[in-house]
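The structure appears right after this line, and notes come after that.
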6 protein chains.
Amino acid sequence: MRVTVSRKAHFNAAHRLYRKDWSFEKNDAVFGKCNNPNFHGHNYELIVSVTGEIDPETGYVIDMKHLKDWIKTEVEDAFDHKNLNLEVPEFADLNPTAENIVVVIYNKLKPKLTADQDLEVTLYETPRNFVTYPG
Amino acid sequence: MRVTVSRKAHFNAAHRLYRKDWSFEKNDAVFGKCNNPNFHGHNYELIVSVTGEIDPETGYVIDMKHLKDWIKTEVEDAFDHKNLNLEVPEFADLNPTAENIVVVIYNKLKPKLTADQDLEVTLYETPRNFVTYPG
Amino acid sequence: MRVTVSRKAHFNAAHRLYRKDWSFEKNDAVFGKCNNPNFHGHNYELIVSVTGEIDPETGYVIDMKHLKDWIKTEVEDAFDHKNLNLEVPEFADLNPTAENIVVVIYNKLKPKLTADQDLEVTLYETPRNFVTYPG
Amino acid sequence: MRVTVSRKAHFNAAHRLYRKDWSFEKNDAVFGKCNNPNFHGHNYELIVSVTGEIDPETGYVIDMKHLKDWIKTEVEDAFDHKNLNLEVPEFADLNPTAENIVVVIYNKLKPKLTADQDLEVTLYETPRNFVTYPG
Amino acid sequence: MRVTVSRKAHFNAAHRLYRKDWSFEKNDAVFGKCNNPNFHGHNYELIVSVTGEIDPETGYVIDMKHLKDWIKTEVEDAFDHKNLNLEVPEFADLNPTAENIVVVIYNKLKPKLTADQDLEVTLYETPRNFVTYPG
Amino acid sequence: MRVTVSRKAHFNAAHRLYRKDWSFEKNDAVFGKCNNPNFHGHNYELIVSVTGEIDPETGYVIDMKHLKDWIKTEVEDAFDHKNLNLEVPEFADLNPTAENIVVVIYNKLKPKLTADQDLEVTLYETPRNFVTYPG
């Protein structure tokens, strides 16, 4: 009986979509107003989903308090009220698109889980645009 | 052409997370404030999803009125405004975690479906915590 | 320039609607399944709204961190994962209807505000039923 | 690294569920009040999800502006503020159930994608009823 | 202690915005695609709010079961799965704009209340457009 | 018959809360992590509400298309994907708190309305924090 347990969280951040090795014109053509050199920002909403067997002792797949703590230390403390391009090391040379952010979050949380637990992360950049990475 | 048809429903209930065969201290260590002996409660929001072939006659995978009726008799009438530990037989000896509740609901609804229809049940314990059981 | 600043919060609790001085039959006639002696429960969602002048120094009507702290100490710590009838002193002799709960919350938060700040509290008992008390 | 990128959209339309080759009585028995000859309507909410590799150059699976444009031309311009039975050619002889609508939308959008991109479409007929077609 | 008690409900309907005494061209200029002669439709979401004194006996401003019943008989049974222009008498000669619909609903519900209870009705025509009538 | 007509909109922006004439330490003490010199950001969700008489000719309080256009030119084009501190003139010397932003938006939209129309603007800085300015 494998069940998926999901937890919602959120963080607010500024970012700019661009490549340092491209001209402003090329960045502008590809990323449009997301290439604003003065940055813009989002309320990122996050859903972290862990799939595993129900522990017959506790009735839990995972202790939600642990999941909540890992999201806090790995994601919220690292990203909240930050400028993703300037202050989050993973994006020093990686364009902080929603796709790249969701993979970075996945890679930070995956080592916390046991070998038989699967992880999927969904990230809302806006209420209308979101991305999902199942690993 | 297999399509998934989903229906939302809800019920309100009280519960307590604990094992009768554990000491209060052990229950407290594992389940924290969810082990309150006086119970606490939730508005459970439910999504029942049935996957099957579209019937070329009707254009339906399943008649939503039937699905709605089964959710009413099997889930809402059985769980709504109840104390899950004291009044719902399935939890007499099963800890009513969200994981265990979603499996119980799945097992109550699955016999209603035909052999080639798949069932998945998602249960929100709070707007921030939810579980999914695909069978 | 008076602006209203609102903050959302939540708590989960069990309750039973009834009067100790009424027979079970009378309670049943008036409160129906909400009179279940074994309790039921809700995810209460709360909106606390403070209206006041914008401080020209800070641009704040109120420091949201203070508001968040007061909601935590006065409401969440007092009500979350509790049985309202048995464990919250305000409801020892007061029926914990949504109407009475919202007034109790208002009365706990009002003394925190300055004389020229107005308070309004909205409480969702379910996503479909809610109450508002403007003082 | 395959990631799913999703975009929400919406359109408002009128429809009637029935088959021209059935009697009114048979349509009434199967489709109930959805068979109203004067039509009824919905705010359809749509989620279009594209799964593919992240382009290492841009960090995008797909340029969201393109996806948004395709949804506009293929779905919104074709369906919004329309009577699905009378004005949308795909439903001239196809009952506009949510299941059939979601397959029609899938078939209109799929040719826009590259061979290694997967498409899934979810359609909310109401906030409580929705369908998903993964192709 | 006057408290406002609110209840959400919904209905689905088709409508067309136009005046019979105007030319098609004038209707088109004023109402645009809402003037489609074949109709379009919406999922209308409704919030009915009653303000009154808390009854010290029950702790209720109003019995929510009564409010729910009145919404069912006066609004849902009358409007749901209907064509507002063709099947709802109030709109035989009244353009079914959201503004006019909300006033009609108000006028149908107001006589149910006592003299000291205030009524306010909010109607969502789409998740992005809504109207409120406080009487 | 005065009715309130409301329209939702949104924009994404970066900002920093601080006063140029205060030390970093004082800004830090008052504004905490919102004082990040590299900025952070939000998805601002906006509700613009206009109250007026229903025009008996059209059944409209206001033509929603006009309201939508004014929100686009005055708010979305001016604020979306911008750095509020660096690129929006109104905040060159005004701290872009939610309170100050909502008053700026009100002042930009009010001149569009007729003398007997009232305006109220609500701005969500996050799904949990919002402000309302009724003028």
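Lettering and numbering for the structure tokens are positional, with chains as A, B, ... in the shown order, residues counted from 1 in each chain, and ligands counted from 1 in the shown order.
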Query raised in the report: In region 7-123 of chain D, what's strand (DSSP E) per DSSP? Answer as a ChimeraX atom specification?
Result: /D:7-15,40-53,82-83,118-123
Report task. Find the spatial neighbours of region 38-50 of chain D, counting only C-alpha atoms, within a cut-off of 8 Å - ignore same-chain residues fewer than 2 positions away - and output them as a count of residues only. Result -> 42
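One finds CA of Gly59 (chain B) at 16.6 Å from CA of Val88 (chain D).
As for CA of Glu76 (chain B) and CA of Phe130 (chain D), they are spaced 19.9 Å apart.
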With 7 Å as the cut-off and only C-alpha atoms counted, what is the closest atom pair between each nearby residue of chain C and chain E? Distances in Å to one decimal, ordered by chain and number, as CSV.
residue,atom,partner,partner_atom,distance
C:Asn95,CA,E:Gly59,CA,6.2
C:Thr97,CA,E:Gly59,CA,5.9
C:Glu99,CA,E:Tyr60,CA,6.4
C:Asn100,CA,E:Gly59,CA,6.1
C:Arg128,CA,E:Lys8,CA,4.9
C:Asn129,CA,E:Arg7,CA,4.8
C:Phe130,CA,E:Ser6,CA,5.2
C:Val131,CA,E:Val5,CA,4.4
C:Thr132,CA,E:Thr4,CA,5.0
C:Tyr133,CA,E:Val3,CA,4.9
Query raised in the report: Among region 24-118 of chain B, which ones does DSSP place in alpha helix (DSSP H), written as a PyMOL selection string?
Result: chain B and resi 24-31+64-71+77-79+84-87+98-109
Would you mind exporting N, CA and C atoms of the selected residues as a compact mmCIF listing (two decimals), in the first residue's frame?
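Ended up saving to selection_32.txt:
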# COMPACT_ATOMS: atom_id res chain seq x y z
N PHE B 24 0.81 6.51 26.90
CA PHE B 24 0.54 7.90 26.51
C PHE B 24 1.85 8.58 26.12
N GLU B 25 2.93 8.29 26.84
CA GLU B 25 4.21 8.93 26.56
C GLU B 25 4.69 8.57 25.15
N LYS B 26 4.58 7.30 24.80
CA LYS B 26 5.04 6.91 23.47
C LYS B 26 4.15 7.54 22.39
N ASN B 27 2.83 7.52 22.61
CA ASN B 27 1.94 8.17 21.66
C ASN B 27 2.27 9.66 21.53
N ASP B 28 2.56 10.28 22.65
CA ASP B 28 2.87 11.71 22.65
C ASP B 28 4.16 11.99 21.87
N ALA B 29 5.15 11.12 22.05
CA ALA B 29 6.43 11.31 21.35
C ALA B 29 6.24 11.18 19.84
N VAL B 30 5.39 10.25 19.42
CA VAL B 30 5.22 10.00 17.98
C VAL B 30 4.18 10.92 17.35
N PHE B 31 3.08 11.15 18.04
CA PHE B 31 1.96 11.86 17.40
C PHE B 31 1.77 13.29 17.91
N MET B 64 -21.73 10.78 -13.55
CA MET B 64 -21.31 11.50 -12.34
C MET B 64 -22.35 11.40 -11.23
N LYS B 65 -23.61 11.23 -11.59
CA LYS B 65 -24.64 11.11 -10.55
C LYS B 65 -24.43 9.83 -9.73
N HIS B 66 -24.00 8.76 -10.40
CA HIS B 66 -23.72 7.52 -9.66
C HIS B 66 -22.52 7.72 -8.73
N LEU B 67 -21.48 8.33 -9.28
CA LEU B 67 -20.28 8.56 -8.48
C LEU B 67 -20.61 9.41 -7.25
N LYS B 68 -21.41 10.45 -7.47
CA LYS B 68 -21.81 11.35 -6.39
C LYS B 68 -22.61 10.57 -5.32
N ASP B 69 -23.50 9.67 -5.78
CA ASP B 69 -24.30 8.89 -4.84
C ASP B 69 -23.43 7.94 -4.01
N TRP B 70 -22.45 7.28 -4.68
CA TRP B 70 -21.59 6.35 -3.95
C TRP B 70 -20.73 7.08 -2.91
N ILE B 71 -20.26 8.28 -3.28
CA ILE B 71 -19.48 9.06 -2.31
C ILE B 71 -20.38 9.42 -1.12
N ASP B 77 -22.09 9.83 4.44
CA ASP B 77 -23.01 9.33 5.48
C ASP B 77 -22.24 8.60 6.58
N ALA B 78 -21.13 7.96 6.21
CA ALA B 78 -20.39 7.17 7.19
C ALA B 78 -19.44 7.99 8.06
N PHE B 79 -18.92 9.10 7.52
CA PHE B 79 -17.85 9.82 8.23
C PHE B 79 -18.25 11.23 8.70
N LEU B 84 -14.10 9.75 14.26
CA LEU B 84 -13.59 8.60 13.48
C LEU B 84 -13.17 7.45 14.40
N ASN B 85 -12.52 7.76 15.52
CA ASN B 85 -12.05 6.70 16.42
C ASN B 85 -13.20 5.94 17.08
N LEU B 86 -14.23 6.67 17.49
CA LEU B 86 -15.28 6.06 18.31
C LEU B 86 -16.48 5.57 17.51
N GLU B 87 -16.69 6.13 16.33
CA GLU B 87 -17.97 5.85 15.65
C GLU B 87 -17.83 5.22 14.26
N ALA B 98 -4.29 10.31 7.95
CA ALA B 98 -4.79 10.60 6.59
C ALA B 98 -4.49 9.42 5.65
N GLU B 99 -3.32 8.82 5.82
CA GLU B 99 -2.95 7.68 4.96
C GLU B 99 -3.93 6.52 5.14
N ASN B 100 -4.23 6.18 6.39
CA ASN B 100 -5.16 5.07 6.61
C ASN B 100 -6.58 5.42 6.17
N ILE B 101 -6.99 6.66 6.36
CA ILE B 101 -8.34 7.05 5.94
C ILE B 101 -8.48 6.93 4.42
N VAL B 102 -7.47 7.40 3.69
CA VAL B 102 -7.59 7.39 2.22
C VAL B 102 -7.65 5.96 1.69
N VAL B 103 -6.96 5.03 2.34
CA VAL B 103 -7.01 3.62 1.91
C VAL B 103 -8.39 3.03 2.23
N VAL B 104 -8.93 3.38 3.40
CA VAL B 104 -10.28 2.89 3.75
C VAL B 104 -11.31 3.39 2.74
N ILE B 105 -11.22 4.66 2.37
CA ILE B 105 -12.17 5.20 1.39
C ILE B 105 -12.02 4.49 0.05
N TYR B 106 -10.78 4.30 -0.38
CA TYR B 106 -10.53 3.58 -1.64
C TYR B 106 -11.20 2.20 -1.60
N ASN B 107 -10.99 1.50 -0.51
CA ASN B 107 -11.53 0.13 -0.42
C ASN B 107 -13.06 0.09 -0.38
N LYS B 108 -13.68 1.16 0.10
CA LYS B 108 -15.13 1.21 0.11
C LYS B 108 -15.69 1.52 -1.28
N LEU B 109 -14.98 2.30 -2.07
CA LEU B 109 -15.50 2.72 -3.37
C LEU B 109 -15.12 1.77 -4.50
